[in-house]
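To start, the structure itself, in structure tokens.
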Amino acid sequence: MDMKLEVVVIPVSDVDRSKAFYTSLGWRLDADFAAGDGFRVVQLTPPGSPCSVIFGDGVSSAVPGSAEGLYLVVSDVEEARAELARNGVEVSEVFHDSGGVFHHAGSKHRVPGPDPELRSYASFASFTDPDGNGWMLQEITERLPGR
């Protein structure tokens with residue numbers, strides 16, 4: 001049976017500010033529903049993604065800004081980084097990890113520049129939303145077998 005990741009809930013403190021931030025990235029607004037009891041759900045989808053994010057009022061009990069390790073897969077990390085910067089996002093320089101493919105948590109093992117061998121899965125850039133939820137751009141040019 002297929003099990004597809006459809007939605008990731010991210011905790012935010014200001015729904016309208018978050019909606020403005022993500023729409024400024026070119027993400028599609030799928031829904032903005034409010035109920036009379038203070039419940040509101042906003043759903044946006046990154047371009048080309050089958051998975052969306054949801055945030056709102058009464059949607060999550062997590063601390064705003066506590067989500068990390070949210071990945072956006074891109075075919076060209078330099079181009080994606082530049083696009084985010086053009087949209088006013090503070091985004092890190094492109095980096096790779098001193099340990100090779102993937103990366104350690106935090107920034108201690110970050111090495112400036114893309115992976116020297118330009119391996120798929122090994123070049124990154126990072127940014128946060130206005131609450132501090134942590135996003136990672138990961139360049140994937142060739143999928144691992146079975147993906």
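Naming works like this for the structure tokens: A, B, ... for the chains as they're shown, residue 1 at the start of each chain, ligands 1 onward in shown order.
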
Which residues are near A:Gly134? Cut-off 12 Å, only C-alpha atoms, ignore same chain within fewer than 6 positions. Put them as a PyMOL selection string. chain A and resi 10-12+64-72+90-92+105-106+125-128

Selected residues written out with C-alpha atoms, as a PDB file, in the first residue's frame:
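Result file follows (part_31.pdb):
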ATOM      1  CA  ILE A  10       4.690  23.997  11.067  1.00  0.00           C
ATOM      2  CA  PRO A  11       4.197  26.038  14.247  1.00  0.00           C
ATOM      3  CA  VAL A  12       3.977  29.810  13.757  1.00  0.00           C
ATOM      4  CA  PRO A  64       6.480  28.542  17.102  1.00  0.00           C
ATOM      5  CA  GLY A  65       9.780  28.231  15.269  1.00  0.00           C
ATOM      6  CA  SER A  66      10.602  24.790  16.692  1.00  0.00           C
ATOM      7  CA  ALA A  67      10.397  22.875  13.392  1.00  0.00           C
ATOM      8  CA  GLU A  68      13.742  22.045  11.836  1.00  0.00           C
ATOM      9  CA  GLY A  69      14.995  19.748   9.131  1.00  0.00           C
ATOM     10  CA  LEU A  70      12.365  20.765   6.600  1.00  0.00           C
ATOM     11  CA  TYR A  71      13.826  19.915   3.194  1.00  0.00           C
ATOM     12  CA  LEU A  72      13.184  21.446  -0.183  1.00  0.00           C
ATOM     13  CA  GLU A  90      18.107  35.620   4.379  1.00  0.00           C
ATOM     14  CA  VAL A  91      19.609  32.402   3.064  1.00  0.00           C
ATOM     15  CA  SER A  92      22.994  30.877   3.850  1.00  0.00           C
ATOM     16  CA  ALA A 105      23.033  19.254  12.637  1.00  0.00           C
ATOM     17  CA  GLY A 106      24.000  22.849  13.265  1.00  0.00           C
ATOM     18  CA  ALA A 125      21.784  26.058   1.694  1.00  0.00           C
ATOM     19  CA  SER A 126      19.588  26.935   4.660  1.00  0.00           C
ATOM     20  CA  PHE A 127      17.077  29.575   5.724  1.00  0.00           C
ATOM     21  CA  THR A 128      14.431  30.147   8.342  1.00  0.00           C
TER      22      THR A 128
END

What parts of chain A does DSSP call helix (DSSP H, G or I)? I'd like the answer as a PyMOL selection string. chain A and resi 15-24+77-86

With N, CA, C and O atoms retained, export the selected residues as a CSV table (one decimal), in the first residue's frame.
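Saved the output as again_26.csv:
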chain,number,residue,atom,x,y,z
A,15,VAL,N,0.0,34.1,11.9
A,15,VAL,CA,-0.5,33.4,10.7
A,15,VAL,C,-0.4,34.3,9.5
A,15,VAL,O,0.1,33.9,8.4
A,16,ASP,N,-0.8,35.6,9.6
A,16,ASP,CA,-0.8,36.4,8.4
A,16,ASP,C,0.7,36.7,8.0
A,16,ASP,O,1.0,36.8,6.8
A,17,ARG,N,1.6,36.9,8.9
A,17,ARG,CA,3.0,37.2,8.6
A,17,ARG,C,3.6,35.9,7.9
A,17,ARG,O,4.3,36.0,6.9
A,18,SER,N,3.2,34.7,8.4
A,18,SER,CA,3.7,33.5,7.8
A,18,SER,C,3.1,33.3,6.4
A,18,SER,O,3.8,32.9,5.4
A,19,LYS,N,1.9,33.6,6.2
A,19,LYS,CA,1.2,33.5,4.9
A,19,LYS,C,1.9,34.4,3.9
A,19,LYS,O,2.2,34.0,2.8
A,20,ALA,N,2.2,35.6,4.3
A,20,ALA,CA,2.9,36.6,3.4
A,20,ALA,C,4.3,36.1,3.1
A,20,ALA,O,4.7,36.2,1.9
A,21,PHE,N,5.0,35.5,4.1
A,21,PHE,CA,6.3,35.1,3.8
A,21,PHE,C,6.3,33.9,2.8
A,21,PHE,O,7.0,34.0,1.8
A,22,TYR,N,5.5,32.9,3.0
A,22,TYR,CA,5.5,31.8,2.1
A,22,TYR,C,4.9,32.1,0.7
A,22,TYR,O,5.4,31.6,-0.3
A,23,THR,N,3.9,33.0,0.7
A,23,THR,CA,3.5,33.3,-0.7
A,23,THR,C,4.5,34.2,-1.4
A,23,THR,O,4.6,34.1,-2.6
A,24,SER,N,5.3,34.9,-0.7
A,24,SER,CA,6.4,35.7,-1.3
A,24,SER,C,7.4,34.8,-2.0
A,24,SER,O,8.2,35.3,-2.8
A,77,VAL,N,21.1,24.1,-6.5
A,77,VAL,CA,21.1,24.8,-5.2
A,77,VAL,C,21.5,26.2,-5.3
A,77,VAL,O,21.0,27.1,-4.6
A,78,GLU,N,22.5,26.5,-6.2
A,78,GLU,CA,22.9,27.9,-6.4
A,78,GLU,C,21.8,28.8,-6.9
A,78,GLU,O,21.5,29.9,-6.5
A,79,GLU,N,21.1,28.2,-7.9
A,79,GLU,CA,19.9,29.0,-8.5
A,79,GLU,C,18.8,29.1,-7.5
A,79,GLU,O,18.2,30.2,-7.4
A,80,ALA,N,18.5,28.1,-6.8
A,80,ALA,CA,17.4,28.2,-5.8
A,80,ALA,C,17.8,29.2,-4.7
A,80,ALA,O,16.9,30.0,-4.2
A,81,ARG,N,19.0,29.2,-4.3
A,81,ARG,CA,19.5,30.1,-3.3
A,81,ARG,C,19.4,31.5,-3.8
A,81,ARG,O,18.9,32.4,-3.1
A,82,ALA,N,19.8,31.8,-5.0
A,82,ALA,CA,19.7,33.1,-5.6
A,82,ALA,C,18.2,33.6,-5.7
A,82,ALA,O,17.9,34.7,-5.4
A,83,GLU,N,17.3,32.7,-6.0
A,83,GLU,CA,15.9,33.0,-6.1
A,83,GLU,C,15.4,33.4,-4.8
A,83,GLU,O,14.6,34.4,-4.6
A,84,LEU,N,15.7,32.7,-3.7
A,84,LEU,CA,15.2,33.0,-2.4
A,84,LEU,C,15.8,34.4,-2.0
A,84,LEU,O,15.1,35.2,-1.4
A,85,ALA,N,17.1,34.6,-2.2
A,85,ALA,CA,17.7,35.9,-1.9
A,85,ALA,C,17.0,37.1,-2.6
A,85,ALA,O,16.7,38.1,-2.0
A,86,ARG,N,16.7,36.9,-3.9
A,86,ARG,CA,15.9,37.9,-4.7
A,86,ARG,C,14.6,38.2,-4.1
A,86,ARG,O,14.1,39.3,-4.2

Tell me, as a JSON list (two decimals) with C-alpha atoms, in the first residue's frame, which residues lie within 6 Å of stretch 25-30 of chain A, counting only C-alpha atoms; anything in the same chain fewer than 2 positions away does not count.
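Output file around00.json is given in full below:
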[["chain", "number", "residue", "atom", "x", "y", "z"],
["A", 22, "TYR", "CA", 5.52, 31.76, 2.09],
["A", 23, "THR", "CA", 3.46, 33.35, -0.68],
["A", 43, "GLN", "CA", -2.17, 25.51, 3.50],
["A", 44, "LEU", "CA", 0.54, 26.35, 0.96],
["A", 45, "THR", "CA", 2.48, 24.19, -1.48],
["A", 46, "PRO", "CA", 6.00, 24.82, -2.81],
["A", 47, "PRO", "CA", 6.26, 24.86, -6.63]]

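Picture a line from atom CA of A:Asp76 to atom CA of A:His96; it runs 13.8 Å.
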
DSSP strand (DSSP E or B) selection over chain A, as a ChimeraX atom specification: /A:7-9,28-34,40-45,52-57,70-74,91,95-97,100,110-112,124-128,134-139

Could you pull the residues within 12 Å of A:Arg119, counting only C-alpha atoms, minus those fewer than 5 positions along the same chain, as a PyMOL selection string? chain A and resi 75-76+96-97+100-102+114+124+138-144

Let me see the file: selected residues, all heavy atoms, as a CSV table (one decimal), in the first residue's frame.
chain,number,residue,atom,x,y,z
A,75,SER,N,17.0,21.1,-8.0
A,75,SER,CA,18.0,20.5,-9.0
A,75,SER,C,19.2,21.4,-9.1
A,75,SER,O,20.3,20.9,-9.6
A,75,SER,CB,17.3,20.4,-10.4
A,75,SER,OG,16.9,21.7,-10.8
A,76,ASP,N,19.2,22.6,-8.7
A,76,ASP,CA,20.3,23.6,-8.7
A,76,ASP,C,20.3,24.4,-7.5
A,76,ASP,O,19.5,25.4,-7.4
A,76,ASP,CB,20.3,24.4,-10.0
A,76,ASP,CG,21.5,25.3,-10.2
A,76,ASP,OD1,22.1,25.8,-9.2
A,76,ASP,OD2,21.8,25.6,-11.3
A,96,HIS,N,28.7,22.4,1.8
A,96,HIS,CA,28.6,20.9,1.9
A,96,HIS,C,29.2,20.6,3.3
A,96,HIS,O,29.7,21.4,4.0
A,96,HIS,CB,29.4,20.3,0.8
A,96,HIS,CG,30.9,20.6,0.8
A,96,HIS,ND1,31.4,21.8,0.3
A,96,HIS,CD2,31.9,19.8,1.1
A,96,HIS,CE1,32.7,21.8,0.4
A,96,HIS,NE2,33.1,20.6,0.9
A,97,ASP,N,29.1,19.3,3.6
A,97,ASP,CA,29.5,18.9,5.0
A,97,ASP,C,30.8,18.2,4.9
A,97,ASP,O,31.2,17.5,4.0
A,97,ASP,CB,28.4,17.8,5.5
A,97,ASP,CG,28.6,17.6,7.0
A,97,ASP,OD1,28.1,18.3,7.8
A,97,ASP,OD2,29.4,16.6,7.3
A,100,GLY,N,30.9,14.5,4.2
A,100,GLY,CA,30.5,13.9,2.9
A,100,GLY,C,29.0,14.1,2.7
A,100,GLY,O,28.5,15.2,3.0
A,101,VAL,N,28.3,13.1,2.2
A,101,VAL,CA,26.9,13.3,1.8
A,101,VAL,C,26.1,13.5,3.1
A,101,VAL,O,26.4,13.0,4.2
A,101,VAL,CB,26.5,12.0,1.1
A,101,VAL,CG1,25.0,12.0,0.8
A,101,VAL,CG2,27.2,11.9,-0.2
A,102,PHE,N,25.0,14.2,2.9
A,102,PHE,CA,24.1,14.7,4.0
A,102,PHE,C,24.9,15.7,4.8
A,102,PHE,O,25.9,16.2,4.4
A,102,PHE,CB,23.5,13.6,4.8
A,102,PHE,CG,22.1,14.0,5.3
A,102,PHE,CD1,21.1,14.2,4.4
A,102,PHE,CD2,21.9,14.1,6.7
A,102,PHE,CE1,19.8,14.6,4.9
A,102,PHE,CE2,20.7,14.5,7.1
A,102,PHE,CZ,19.6,14.7,6.3
A,114,PRO,N,29.7,24.4,-2.9
A,114,PRO,CA,29.0,23.1,-3.2
A,114,PRO,C,30.0,22.0,-3.0
A,114,PRO,O,31.2,22.1,-2.9
A,114,PRO,CB,28.6,23.2,-4.6
A,114,PRO,CG,29.5,24.3,-5.2
A,114,PRO,CD,29.9,25.2,-4.1
A,124,PHE,N,24.1,22.1,-0.1
A,124,PHE,CA,22.9,22.6,0.7
A,124,PHE,C,23.0,24.1,0.8
A,124,PHE,O,24.0,24.7,0.6
A,124,PHE,CB,23.0,22.0,2.1
A,124,PHE,CG,23.0,20.6,2.2
A,124,PHE,CD1,24.3,19.9,2.2
A,124,PHE,CD2,21.9,19.8,2.2
A,124,PHE,CE1,24.3,18.5,2.3
A,124,PHE,CE2,22.0,18.4,2.3
A,124,PHE,CZ,23.2,17.8,2.4
A,138,GLN,N,18.3,21.2,-0.6
A,138,GLN,CA,19.3,20.1,-0.9
A,138,GLN,C,19.2,19.8,-2.4
A,138,GLN,O,18.2,19.6,-3.0
A,138,GLN,CB,18.9,18.8,-0.1
A,138,GLN,CG,19.9,17.7,-0.4
A,138,GLN,CD,19.5,16.4,0.3
A,138,GLN,OE1,18.3,16.1,0.5
A,138,GLN,NE2,20.5,15.7,0.8
A,139,GLU,N,20.4,19.9,-3.0
A,139,GLU,CA,20.5,19.7,-4.4
A,139,GLU,C,20.6,18.2,-4.7
A,139,GLU,O,21.4,17.4,-4.2
A,139,GLU,CB,21.8,20.3,-4.9
A,139,GLU,CG,22.0,20.2,-6.4
A,139,GLU,CD,23.2,20.9,-7.0
A,139,GLU,OE1,23.1,22.1,-7.3
A,139,GLU,OE2,24.2,20.3,-7.0
A,140,ILE,N,19.6,17.7,-5.5
A,140,ILE,CA,19.6,16.3,-5.9
A,140,ILE,C,19.5,16.4,-7.5
A,140,ILE,O,18.5,16.8,-8.0
A,140,ILE,CB,18.4,15.6,-5.3
A,140,ILE,CG1,18.5,15.5,-3.8
A,140,ILE,CG2,18.3,14.2,-5.9
A,140,ILE,CD1,17.4,14.8,-3.1
A,141,THR,N,20.5,15.9,-8.1
A,141,THR,CA,20.5,15.8,-9.6
A,141,THR,C,20.3,14.4,-10.1
A,141,THR,O,20.0,14.2,-11.2
A,141,THR,CB,21.9,16.4,-10.1
A,141,THR,OG1,22.9,15.7,-9.5
A,141,THR,CG2,22.0,17.9,-9.7
A,142,GLU,N,20.6,13.4,-9.3
A,142,GLU,CA,20.4,12.0,-9.6
A,142,GLU,C,19.9,11.3,-8.4
A,142,GLU,O,20.6,11.3,-7.4
A,142,GLU,CB,21.7,11.4,-10.2
A,142,GLU,CG,21.5,10.0,-10.7
A,142,GLU,CD,22.9,9.5,-11.2
A,142,GLU,OE1,23.7,10.3,-11.7
A,142,GLU,OE2,23.0,8.2,-11.2
A,143,ARG,N,18.8,10.6,-8.5
A,143,ARG,CA,18.2,9.9,-7.4
A,143,ARG,C,18.9,8.6,-7.1
A,143,ARG,O,19.5,8.0,-8.0
A,143,ARG,CB,16.7,9.6,-7.6
A,143,ARG,CG,15.9,10.8,-7.6
A,143,ARG,CD,15.5,11.2,-6.2
A,143,ARG,NE,14.6,12.3,-6.2
A,143,ARG,CZ,14.2,12.8,-5.0
A,143,ARG,NH1,14.7,12.4,-3.9
A,143,ARG,NH2,13.4,13.9,-5.0
A,144,LEU,N,18.9,8.3,-5.8
A,144,LEU,CA,19.5,6.9,-5.4
A,144,LEU,C,18.6,5.9,-6.0
A,144,LEU,O,17.4,6.1,-6.3
A,144,LEU,CB,19.5,6.8,-3.9
A,144,LEU,CG,20.5,7.7,-3.1
A,144,LEU,CD1,20.2,7.7,-1.6
A,144,LEU,CD2,21.9,7.3,-3.5

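Note that the spacing between atom CA of A:Leu137 and atom CA of A:Ser120 amounts to 12.4 Å.
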
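Proximity ranking of A:Gly56, A:Val63, A:Glu6, A:His103 relative to A:Asp131 places A:Val63 first, based on only C-alpha atoms.
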